Each structure stands twice: as structure tokens, then as C-alpha cells.
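Peer 1: The structure that follows is given in the form of C-alpha cells.
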Amino acid sequence: MNAMADEAGGDVLDEAWFAARACAGVRGLKAYDPGHDLVAFRRRFAGSAGGHPLVELGSNENPYGPSDAARAAILDQLQAIHRYPDPLGGDLKRALAARHGVAPERILLGNGSHELLMLLGQVFAGPGLDVVFARHAFAVFALATQAAGARMRIAEPLPRDAAMPLGHDLDALAAAITADTRLLYVANPNNPTGTWFGADALAAFLARVPREVIVVVDEAYAEMADAPDYASALGLLDAHPNVVVTRTFSKAYGLAGLRCGYLIGASGLVAVMERLRESFNVNGLALAACEAALGDEAHLRSACARNAEQRDGLSRALRERGLDVFPSQTNFVLVGFGRDAAPIERALTDRGVILRPMGGYGLPDCLRISVGNPDENRRLLAALDEVLA
Ligand SMILES: *Cc1c(COP(=O)(O)O)cnc(C)c1O
């Protein structure tokens, strides 16, 4: 038995002991890496000159925050906080249904889309089955697969010198499908690369995927994508009932702290997933705020327009510094430094600039930089100039 003494001198069973008793999928799993301990950083930097000098560009949050209507809805909802939230999320589902032109029965709400991506794995994957996704795709795809005890079948991305560097190679993804494949995850646009694929490529790809494979198109950044060739997979759902689209209120809507996402798919798929959903997975403040946020189109459009403008400016400024900036349709850019980026990242952290290191994604020469507001982007560039000098 692996026992170690705890502070009080008693015996505790350690992680290895419990891992040996966990189900097969969990035994080999590594917990999701959220990047830095931001709370600790905020404390560390709160005391320095200027009060709160941290520039937080590590988690792709919306620097402009949510609609005022969402904040007001939260305050209003506070008087009902002793009540359980609506387990059906009916009002929010109806608002989403109206927005997307689908029946409410085709929508499933989640505690962030992270929960829904995990739930998809739990419901449709399992031991002996394959799940397909791309290298350098969203980390949760691997977590969901492993947690379900399924096999990961990882498709290589487009080469780094392609027009869409490290973007999803849809041919490679289609070729990775086996007779045991039940689930395939793609993100469009993708995190951490920021890359995207076009509407025609998506339609051609879906036509090649057998119906037995549930295709999850993670569209966490869809509201921000404005490339002429980009299109959501929502328009293809009727032709392909095996396709599911996930969306989130965490990014363009500026509500990451509330934890709310949703998926749209066939009503039968939603009904099966409902069997495993926790009854109160989305809290009452989130339900109210997201419904209000949906009603404020002007705020959404303004945040996306400001993001696009800042993203273009930041990309240009980084390229002027000789860095390799990947094309992006999101609110972040992947940046290649041509050498190990870890020392650069550490030096930026010491200056209060938080970015996302990419070693865990197999891209140790890169950093992922969220697009901030004009002030944050200026401070990032100033710190970077110091570090690179
Ligand atoms: C941020 C992100 C999510 C969303 O996460 P939530 O759990 O909804 O906050 C999902 N997919 C991708 C690719 C992301 O980058």
C-alpha cells in the first residue's frame, strides 16, 4: 500500500493508490491544464505600483465583458437564488431556438461547452471504440476520449508551411475514421491555432463521413469569424443528422465566469444525452444572463468588430517584430518564435503579462496570445519588446 504521512502525522492514501482503483480511462488521464494559477498571480501583482497591472491574455476571454442587459439580469435573478434553477432551461432554449431557427428540442444546455464535449464522449464513446480528432486541436477532445476509455485516433494537421498552417486536414480526418469510430471532434475555428476551414470543404467532408460517426463541430469562436469563406455547420444539420454543433457564452458574449454553453443537433441525440445530464447543470444566474445577452445583438456585434480590429492590428505589430503569426478567425493568435518560447513566456509572466504556453499542445516554440483591448495589447507589445531585446 502506498501510504504517506500527512501533516497531522496520520496515514493518507496517495494519488497512485486511488488511480490504481479508478476506471481504465481515468487511470491514464492527466487533468486539464488551465495554464497559470491566475488568482495567485493577481495577488502577487496587486501590491505593485499602479495597483493591478496584470495583462491577462491567456484564456481567450472577452476584454469588453458582457452586455449590460446580462449584468442586470444577474442582479434581478439574485432575489430567487434560494430556488433551484429551471432544470429544463426552457426560456434560454426558446431564445436560442429563435436565434438559430431550430426547434427547442434540438438544443442541450451545458455548464460551459466543456461539459457538453465531455458528455458527448461519455454517451457515444467507450472501451473498444475510436474517437477521431486532429493534433493541435482543443485539449478537451483528448480528455473526453480518454475519460470514456476510448482510443484516440489523431489525424495530422496541414503542414506548417501550408496556406492554413497547422489547420485541420479534413482528408486526414476522414482517412482516420475506422469501423470502430463513433465520434469525431473538429473545432472551426480551431483553438489553439486560430485556423478555420471553409464552407465548401466542410460540406465535402461531411458527405464523406459515415452516418454512424457523430461529428462534433466545436464553434466556440463562430460569432467572431468573418472570413468570406467561413460558414457555421448549423446550415448543414438538416442534411447531416449525425452532426452536432457546440457553442458557448464564454467567448464572444463575454460570460466565461458564468459557465454556459449549448449544443444543437438532432432531437433524438439531445434526448439521449439528456439521460446523463445533471438536472441543474446550468445555474439560474447563467440562464437569465445568457437569455438577456442573446437579446443584445448590438453589444455582440460591437465586441466582435472591436476584436477583429484589434486582432488585425496586433497581428501586424507582431509580424513587424519578425514573429510568425498564424491566421486567425478568433480572439487569439498563435505566434511562433522560432525557438523555445518557454523562457520568453517566463520573462513576460515576471512583467505581469499572462499568455498561454503551448508546450502541452506539442508546439513548444509557440505562445497563444488572446487579443486584448487596445491598452492591454499596447502593454503586451511593450513587454515583449523588452523581453526580445
Ligand atoms: C473556450 C473554448 C471552449 C469553451 O469553453 P466553455 O466551457 O464553454 O467555457 C470550447 N471549445 C473551444 C475550442 C474553446 O476554445
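Chains: A, B, ... in order of the C-alpha cells. Residues: from 1 per chain. Ligands: from 1, in order shown.
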Could you give me, as a short mmCIF file (atom, residue, chain, number, x, y, z; two decimals) with N, CA and C atoms, in the first residue's frame, every polymer residue with an atom at most 6 Å away from an atom of ligand 1, counting only C-alpha atoms and all ligand atoms?
Peer 2:
data_model
loop_
_atom_site.label_atom_id
_atom_site.label_comp_id
_atom_site.auth_asym_id
_atom_site.auth_seq_id
_atom_site.Cartn_x
_atom_site.Cartn_y
_atom_site.Cartn_z
N GLY A 112 -20.98 25.33 -19.48
CA GLY A 112 -19.91 25.55 -20.43
C GLY A 112 -19.98 24.48 -21.50
N SER A 113 -19.44 24.78 -22.69
CA SER A 113 -19.46 23.73 -23.72
C SER A 113 -18.48 22.62 -23.36
N HIS A 114 -17.52 22.93 -22.49
CA HIS A 114 -16.61 21.89 -21.98
C HIS A 114 -17.41 20.69 -21.45
N PHE A 138 -8.38 21.28 -29.77
CA PHE A 138 -8.74 21.66 -28.40
C PHE A 138 -8.45 20.49 -27.44
N ALA A 187 -12.82 21.52 -34.39
CA ALA A 187 -13.17 22.87 -33.94
C ALA A 187 -12.99 23.79 -35.14
N ASN A 190 -10.40 26.77 -35.02
CA ASN A 190 -9.75 25.87 -34.06
C ASN A 190 -8.97 26.63 -32.98
N ASN A 191 -8.96 26.06 -31.81
CA ASN A 191 -8.11 26.50 -30.71
C ASN A 191 -7.12 25.36 -30.46
N ASP A 218 -17.09 22.00 -32.97
CA ASP A 218 -16.98 22.93 -31.84
C ASP A 218 -16.82 24.34 -32.42
N ALA A 220 -16.84 27.39 -30.79
CA ALA A 220 -16.71 28.33 -29.67
C ALA A 220 -16.43 29.76 -30.13
N THR A 248 -20.75 28.50 -27.21
CA THR A 248 -20.53 28.91 -25.83
C THR A 248 -20.84 30.38 -25.61
N SER A 250 -19.00 31.85 -23.38
CA SER A 250 -17.76 32.25 -22.71
C SER A 250 -16.90 33.22 -23.51
N ALA A 256 -17.65 34.17 -19.57
CA ALA A 256 -16.88 32.97 -19.22
C ALA A 256 -17.09 32.56 -17.76
N ARG A 259 -20.29 30.10 -16.91
CA ARG A 259 -20.28 28.71 -17.36
C ARG A 259 -21.59 28.32 -18.04
N CYS A 260 -21.73 28.69 -19.27
CA CYS A 260 -22.89 28.23 -20.04
C CYS A 260 -22.52 28.04 -21.51
N GLY A 261 -22.87 26.88 -22.02
CA GLY A 261 -22.69 26.58 -23.43
C GLY A 261 -23.89 25.77 -23.90
#
Peer 1: Using DSSP assignments from the backbone, pull out every residue in segment 32-182 of chain A that falls under strand (DSSP E or B) and give it to me as a ChimeraX atom specification.
Peer 2: /A:55-56,107-110,130-134,151-155,181-182
Peer 1: Measuring atom to atom with only C-alpha atoms, identify which of A:Trp17, A:Phe124, A:Tyr361, A:Phe45 is nearest to Glu212 of chain A.
Peer 2: A:Phe124
Peer 1: Go through A:Asp33, A:Phe205, A:His136, A:Thr145 one by one, measure the shortest atom-to-atom distance of each to Pro159 of chain A using only C-alpha atoms, and give the residue with the smallest value.
Peer 2: A:His136
Peer 1: With a distance cut-off of 6 Å and only C-alpha atoms, select the neighbouring residues of segment 61-65 of chain A, excluding the residue or stretch itself and same-chain residues fewer than 5 positions from it, and output the selection as a count of residues only.
Peer 2: 4
Peer 1: Closest to Arg356 of chain A among A:Ala80, A:Leu285, A:Leu388, A:Leu57, using only C-alpha atoms?
Peer 2: A:Leu57
Peer 1: Would you list the contacts of segment 328-342 of chain A as a PyMOL selection string, taking every protein, DNA or RNA residue within 9 Å and counting only C-alpha atoms, but skipping same-chain residues closer than 3 positions in sequence?
Peer 2: chain A and resi 57-62+189-196+220-227+251-252+304+307-308+310-311+314-315+318+322-325+345-347+357-359+363-372
Peer 1: Using Å and a single decimal, report how far atom CA of Tyr32 of chain A sits from atom CA of Ala16 of chain A.
Peer 2: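 Separation of atom CA of Ala16 of chain A and atom CA of Tyr32 of chain A: 17.8 Å.
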Peer 1: Give me the residues within 8 Å of Leu29 of chain A as a PyMOL selection string, counting only C-alpha atoms and dropping any in the same chain fewer than 3 places off.
Peer 2: chain A and resi 25-26+143+146-147
Peer 1: State, in Å with one decimal place, the distance from atom CA of Gly167 of chain A to atom CA of Ala134 of chain A.
Peer 2: 8.9 Å
Peer 1: To one decimal place, how far is atom CA of Pro157 of chain A from atom CA of Ala201 of chain A in Å?
Peer 2: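 These two atoms are separated by 14.7 Å.
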Peer 1: Would you mind listing what lies within 9 Å of Leu206 of chain A as a VMD selection string, with only C-alpha atoms counted and same-chain residues fewer than 5 positions away left out?
Peer 2: chain A and resid 174 201 215 236 240 243
Peer 1: Please determine, counting only C-alpha atoms, which residue among A:His36, A:Leu120, A:Arg71, A:Asp200 has the shortest atom-to-atom distance to Arg275 of chain A.
Peer 2: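 Nearest to Arg275 of chain A: A:Leu120.
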